[in-house]
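Data block below; observations after.
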Amino acid sequence: ANYTYAAGECLETYVSKQENRFSDKESIIVYLHGGERKKIMVDDFHLADDIASKAAITTIAVAMTGSGNSTSNRFNGMPWDRDCNQKWLEQDHIDFVAELLENIKNKYNKKNLYVIGKSNGGTLASVIAGTHPGLIQKVVGMAGGYDMKEWCRYGHNKYSGSYLTDTHVSKNIKGTKFFLQVGDKDKTTASIHVAKTFHNRLQKLGVPSELKIYPGYDHNIEYETDVKDDAASFLNK
């Protein structure tokens, strides 16, 4: 395992096997998993390898605080849960992940940072694009990248105005392009509605955004071949 440091935390990271092959590229991909992951899975490592191979770009999978072998001294556990009482949307955690992403970008001396986020990871990347304009050049939201305020209306009624959401910060996004991917059978978070809402808002703001709905797929779309192929194509445009 590799480790990356940010704000006093030590996070477990997995670097795709193709790292040396793509070392001359100007871009790097970071994969952020979704919530409720007590430990980073071998599937995440395989996913990083698949994406790297398809996109021909070094890909790094990160075990967020409280998962895998990553520490969680600052946040006292894993700041992810299903309801809207979520510490991961507070400014402190958002700044922490932004620092992590910037450290990875600088460590590998890359011009472009692309973030693929699954579920909560996609939404987190979307929020960071607004709170830290210019840090991320492209965001792929795999069943993520949602309008969180809308999400909270759909059975998640513990939304607090103290949490930052895509709604609050999307107007600040500069230099980031989005690709939102969602399955039409995804009932986890009213995904199609909230993805469409966020996509429409981005377009109204003049932020480049694409939305693709995949027939027959549920929330776990990240392992589908065409989903990974489409993500790679978007990143290589």
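Ligands are numbered from 1 in the order shown, chains are lettered A, B, ... in the order of the structure tokens, and residues start at 1 in each chain.
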Q: Within 7 Å of A:Ile60, counting only C-alpha atoms, which residues show up once you throw out same-chain ones fewer than 4 positions away? Write them as a list of chain:residue names, please.
A: A:Thr13, A:Tyr14, A:Val15, A:Ser16, A:Ile29, A:Val30, A:Tyr31, A:Ala48
Q: Step one, run DSSP on the backbone; step two, keep only residues of stretch 2-218 of chain A assigned to helix (DSSP H, G or I); then write them as a ChimeraX atom specification.
A: /A:42-55,87-89,91-107,120-131,148-153,166-172,191-204
Q | Closest of A:His132, A:His33, A:Arg74, A:Lys25 to A:Ile57 - atom-to-atom distances counting only C-alpha atoms | A | A:Lys25
(Q) If I take atom CA of A:Ala125 and atom CA of A:Glu26, how far is one from the other in Å, to one decimal? (A)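 Interatomic distance here is 19.9 Å.
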